[in-house]
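Here is the structure we will look at, set down as structure tokens.
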Amino acid sequence: MMTMKRAMGRQRANAWRVTRPWSRRVRVNVLCAITLNVLLGCVGEKAAAPALRPAASTLGPASASPLNAIIAVGDTISVTLHATTLTGTPVTSFDSVQYLFNYQTDTQYVQVSSTGIVTGKKPTDPGNPVVLGILAFRDGAVVYDATVIQVTQTALSRAMLSIQPIPPDSARWQASLAKFLTPVIMDPVTGDTISGVALRLEFGAEDSAGVRCSNFPVTNRSQTIADEVVHKSNCEPWAGGDYTALNGFIGLRPETIWIHATVVAYGMVLHDSLQFVITYPQNSNIYFYPGGMAVGQQGAWLNAAVVPGGSVAFGNYFDPSYGTSINVTFDHPDAATAPPGGVDTTSGNIVGLTGQNAATRRFLSAGTYGYTYTIATGVAPFKGVTGRGTITVQ
């Protein structure tokens with residue numbers, strides 16, 4: 001875990017940058033051209049429309065290399081940014097490259113040259129490596145990614161990587177909950193291991209839309225760099241904020257996915273992969289409240305999904321002063337059983353659910369179970385409102 005001293009130091013620190021020397025003329029000219037066109041447009045003068053940049057010469061996707069690295073104190077490794085144009089042609093040169101630490105205190109662990117040579121200075125804390133952001137500029141455009149660097153006191157002579165579940169863990173997990181793996185790097189001859197291995201995980205294009213994984217934005221950067229540039233992830237974006245957990249991911253829906261991990265450890269390229277099954281959650285909720293009754297919102301709050309044997313809590317979130325009571329009538333009442341060990345011991349339909357209270361039902365068998373809700377009592381315009389919802393058990 002991060003030490004308290006380091007955590008506090010990171011919160012107070014500003015960004016620390018190592019920048020490759022370069023001419024600023026390109027970006028200044030681009031900025032001036034944009035500014036001039038905007039001003040001319042405002043006063044009604046005719047301005048030449050900016051020429052569209054050909055896709056074959058426009059910066060496209062970029063990725064850090066290596067994505068994960070482990071070096072010993074005194075050892076070096078070269079980090080770089082591999083980019084292609086929008087047509088897939090490799091980019092062989094940039095106008096400039098910047099290497100950024102989120103925290104100035106990280107300079108005690110590694111040193112970075114202007115050409116991307118990283119030297120280990122001091123062992124990093126287990127599970128808390130250095131995240132080094134790389135910004136590359138070309139023709140007024142910018143691309144970004146980050147590499148994760150762990151420093152140990154000494155190197156392993158031989159190493160192998162495993163991200164396989166450690167018993168009693170398994171390769172199954174519930175959707176919407178964060179899952180963390182425990183990568184192991186070990187010398188197969190001596191049995192020596194590296195403490196606190198922390199890696200950025202990777203997902204193939206066919207699986208990336210079903211998970212959220214680390215994006216590691218550089219938060220302490222020039223304000224001229226847009227947020228979108230430094231939110232780098234090959235996974236589904238998270239509207240709720242950044243997801244910066246190493247070794248972790250969040251499955252969004254039930255499916256079988258492949259998880260990959262690659263690390264350059266002491267000059268050796270190590271790789272392992274794991275097939276993982278994402279399931280529906282064990283518990284879910286149905287929300288009855290005024291905003292949830294609006295057209296376009298009902299699907300988000302009136303439908304739920306659980307695994308067989310999972311439970312669904314039906315909650316009346318109306319203000320009690322409205323006097324609402326809600327009845328829930330299931331198409332198959334016998335499928336809605338009382339949850340084990342709960343205070344709610346009733347089964348079947350729910351009658352008279354009052355404001356700020358909830359009732360839970362357990363669904364043992366796979367299937368799709370519809371229900372009808374009715375606001376039986378309360379004030380206008382809520383009294384008498386009725387609607388439908390669905391419980392998916394899979």
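Chains: A, B, ... in order of the structure tokens. Residues: from 1 per chain. Ligands: from 1, in order shown.
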Can you tell me which residues surround Tyr266 (chain A) at a distance of at most 8 Å, considering only C-alpha atoms, apart from same-chain residues fewer than 4 positions away, and format the answer as a compact mmCIF listing (two decimals) with C-alpha atoms, in the first residue's frame?
# COMPACT_ATOMS: atom_id res chain seq x y z
CA ILE A 70 10.10 -3.54 -13.97
CA ILE A 71 13.74 -2.49 -13.53
CA ALA A 72 16.32 -2.77 -10.77
CA ALA A 155 16.84 -8.08 -10.58
CA LEU A 156 15.60 -11.62 -11.03
Long-range neighbours of region 243-254 of chain A as a PyMOL selection string, 10 Å cut-off, only C-alpha atoms, 6 positions minimum in chain: chain A and resi 127-129+148+163+173-183+197-202+207-217+231+233+235-237+261+276-281+307+394
Shortest contact to Gly384 (chain A), candidates A:Ser57, A:Gln111, A:Gly191, A:Thr324, atoms counted only C-alpha atoms, goes to A:Thr324
Apply DSSP to the structure's backbone, then extract all residues of region 144-370 of chain A labelled strand (DSSP E) and return them as a PyMOL selection string. chain A and resi 144-152+160-162+172-174+178-180+184-186+202-203+211-212+248-251+255-265+268-279+283-288+304-306+310-316+325-330+350-354+357-363+367-370
So which one's closest to Gly352 (chain A), A:Gly387, A:Gly315, A:Gly267, A:Pro167? Using only C-alpha atoms, please. A:Gly315
Test item, helix (DSSP H, G or I) assignment across region 309-393 of chain A, answer as a VMD selection string: chain A and resid 320 to 322 333 to 335
Find the spatial neighbours of Phe382 (chain A), counting only C-alpha atoms, within a cut-off of 10 Å - ignore same-chain residues fewer than 2 positions away - and output them as a PDB file with N, CA and C atoms, in the first residue's frame.
ATOM      1  N   TYR A 289     -39.679   5.881  -7.944  1.00  0.00           N
ATOM      2  CA  TYR A 289     -39.603   7.266  -7.478  1.00  0.00           C
ATOM      3  C   TYR A 289     -40.087   8.162  -8.612  1.00  0.00           C
ATOM      4  N   PRO A 290     -40.459   9.415  -8.333  1.00  0.00           N
ATOM      5  CA  PRO A 290     -41.108  10.247  -9.360  1.00  0.00           C
ATOM      6  C   PRO A 290     -40.309  10.348 -10.654  1.00  0.00           C
ATOM      7  N   MET A 293     -40.326   7.412 -13.133  1.00  0.00           N
ATOM      8  CA  MET A 293     -41.546   7.102 -13.876  1.00  0.00           C
ATOM      9  C   MET A 293     -41.584   7.793 -15.234  1.00  0.00           C
ATOM     10  N   PHE A 318     -40.513   7.295  -2.858  1.00  0.00           N
ATOM     11  CA  PHE A 318     -41.333   8.500  -2.774  1.00  0.00           C
ATOM     12  C   PHE A 318     -41.232   9.099  -1.379  1.00  0.00           C
ATOM     13  N   TYR A 322     -46.102  12.037   0.681  1.00  0.00           N
ATOM     14  CA  TYR A 322     -47.020  11.840  -0.435  1.00  0.00           C
ATOM     15  C   TYR A 322     -48.050  10.753  -0.138  1.00  0.00           C
ATOM     16  N   GLY A 323     -47.786   9.939   0.861  1.00  0.00           N
ATOM     17  CA  GLY A 323     -48.731   8.890   1.232  1.00  0.00           C
ATOM     18  C   GLY A 323     -48.838   7.761   0.228  1.00  0.00           C
ATOM     19  N   THR A 324     -47.802   7.546  -0.583  1.00  0.00           N
ATOM     20  CA  THR A 324     -47.886   6.498  -1.602  1.00  0.00           C
ATOM     21  C   THR A 324     -47.688   5.112  -1.000  1.00  0.00           C
ATOM     22  N   THR A 374     -48.327  -0.812  -9.316  1.00  0.00           N
ATOM     23  CA  THR A 374     -49.459   0.107  -9.236  1.00  0.00           C
ATOM     24  C   THR A 374     -49.304   0.959  -7.984  1.00  0.00           C
ATOM     25  N   ILE A 375     -49.400   2.278  -8.155  1.00  0.00           N
ATOM     26  CA  ILE A 375     -49.403   3.161  -6.981  1.00  0.00           C
ATOM     27  C   ILE A 375     -50.841   3.186  -6.478  1.00  0.00           C
ATOM     28  N   ALA A 376     -51.088   2.413  -5.432  1.00  0.00           N
ATOM     29  CA  ALA A 376     -52.459   2.192  -4.965  1.00  0.00           C
ATOM     30  C   ALA A 376     -53.024   3.381  -4.211  1.00  0.00           C
ATOM     31  N   THR A 377     -52.178   4.046  -3.438  1.00  0.00           N
ATOM     32  CA  THR A 377     -52.654   5.198  -2.659  1.00  0.00           C
ATOM     33  C   THR A 377     -51.654   6.341  -2.803  1.00  0.00           C
ATOM     34  N   GLY A 378     -52.089   7.550  -2.449  1.00  0.00           N
ATOM     35  CA  GLY A 378     -51.202   8.698  -2.505  1.00  0.00           C
ATOM     36  C   GLY A 378     -51.869   9.889  -3.135  1.00  0.00           C
ATOM     37  N   VAL A 379     -51.082  10.934  -3.330  1.00  0.00           N
ATOM     38  CA  VAL A 379     -51.607  12.176  -3.863  1.00  0.00           C
ATOM     39  C   VAL A 379     -51.488  12.180  -5.386  1.00  0.00           C
ATOM     40  N   ALA A 380     -52.271  13.096  -6.024  1.00  0.00           N
ATOM     41  CA  ALA A 380     -52.149  13.298  -7.471  1.00  0.00           C
ATOM     42  C   ALA A 380     -50.802  13.967  -7.759  1.00  0.00           C
ATOM     43  N   GLY A 384     -52.729   5.912  -8.723  1.00  0.00           N
ATOM     44  CA  GLY A 384     -53.311   5.261  -9.887  1.00  0.00           C
ATOM     45  C   GLY A 384     -52.330   4.976 -11.009  1.00  0.00           C
ATOM     46  N   VAL A 385     -51.106   5.498 -10.918  1.00  0.00           N
ATOM     47  CA  VAL A 385     -50.108   5.247 -11.963  1.00  0.00           C
ATOM     48  C   VAL A 385     -49.723   3.766 -11.943  1.00  0.00           C
ATOM     49  N   THR A 386     -49.580   3.197 -13.109  1.00  0.00           N
ATOM     50  CA  THR A 386     -49.210   1.795 -13.213  1.00  0.00           C
ATOM     51  C   THR A 386     -48.197   1.623 -14.332  1.00  0.00           C
TER      52      THR A 386
END
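Of the residues listed (A:Tyr369, A:Tyr109, A:Phe101, A:Phe137), A:Phe137 shows the shortest atom-to-atom separation from Thr58 (chain A); distances use only C-alpha atoms.
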Can you pull out the residues contacting region 332-347 of chain A? Cut-off 6 Å, using only C-alpha atoms, and skip same-chain residues under 3 positions away; I want them as a list in words. Arg361, Arg362 and Phe363 of chain A
Could you write those residues out with C-alpha atoms, as a compact mmCIF listing (two decimals), in the first residue's frame?
# COMPACT_ATOMS: atom_id res chain seq x y z
CA ARG A 361 -37.63 -11.22 -3.51
CA ARG A 362 -35.30 -14.05 -4.51
CA PHE A 363 -35.42 -15.71 -7.95
Could you check the closest approach to Tyr371 (chain A) for each of A:Ile286, A:Ile149, A:Ile166, A:Met186 and tell me which residue wins, using only C-alpha atoms? A:Ile286
Could you give me, as an MDAnalysis selection string, the residues within 7 Å of Val143 (chain A), counting only C-alpha atoms and dropping anything in the same chain fewer than 2 positions from it? chainID A and resid 62 135:137 229
Write the residues you've just listed into a file as an mmCIF file, in the first residue's frame, and include C-alpha atoms for each of them.
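Below you can see again22.cif, which holds the result:
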data_model
loop_
_atom_site.group_PDB
_atom_site.id
_atom_site.type_symbol
_atom_site.label_atom_id
_atom_site.label_comp_id
_atom_site.auth_asym_id
_atom_site.auth_seq_id
_atom_site.Cartn_x
_atom_site.Cartn_y
_atom_site.Cartn_z
ATOM 1 C CA ALA A 62 -0.863 5.821 -29.878
ATOM 2 C CA LEU A 135 2.802 13.359 -24.691
ATOM 3 C CA ALA A 136 3.921 13.536 -28.322
ATOM 4 C CA PHE A 137 3.277 16.520 -30.604
ATOM 5 C CA VAL A 229 -6.288 13.770 -24.918
#
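For the residues A:Leu274, A:Asn327, A:Leu59, A:Ala265, ranking by smallest atom-to-atom distance to Phe94 (chain A) using only C-alpha atoms places A:Leu59 first.
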Using only C-alpha atoms, which residues sit within 9 Å of Gly367 (chain A) once same-chain residues fewer than 5 positions away are excluded, as a ChimeraX atom specification? /A:308,391-394
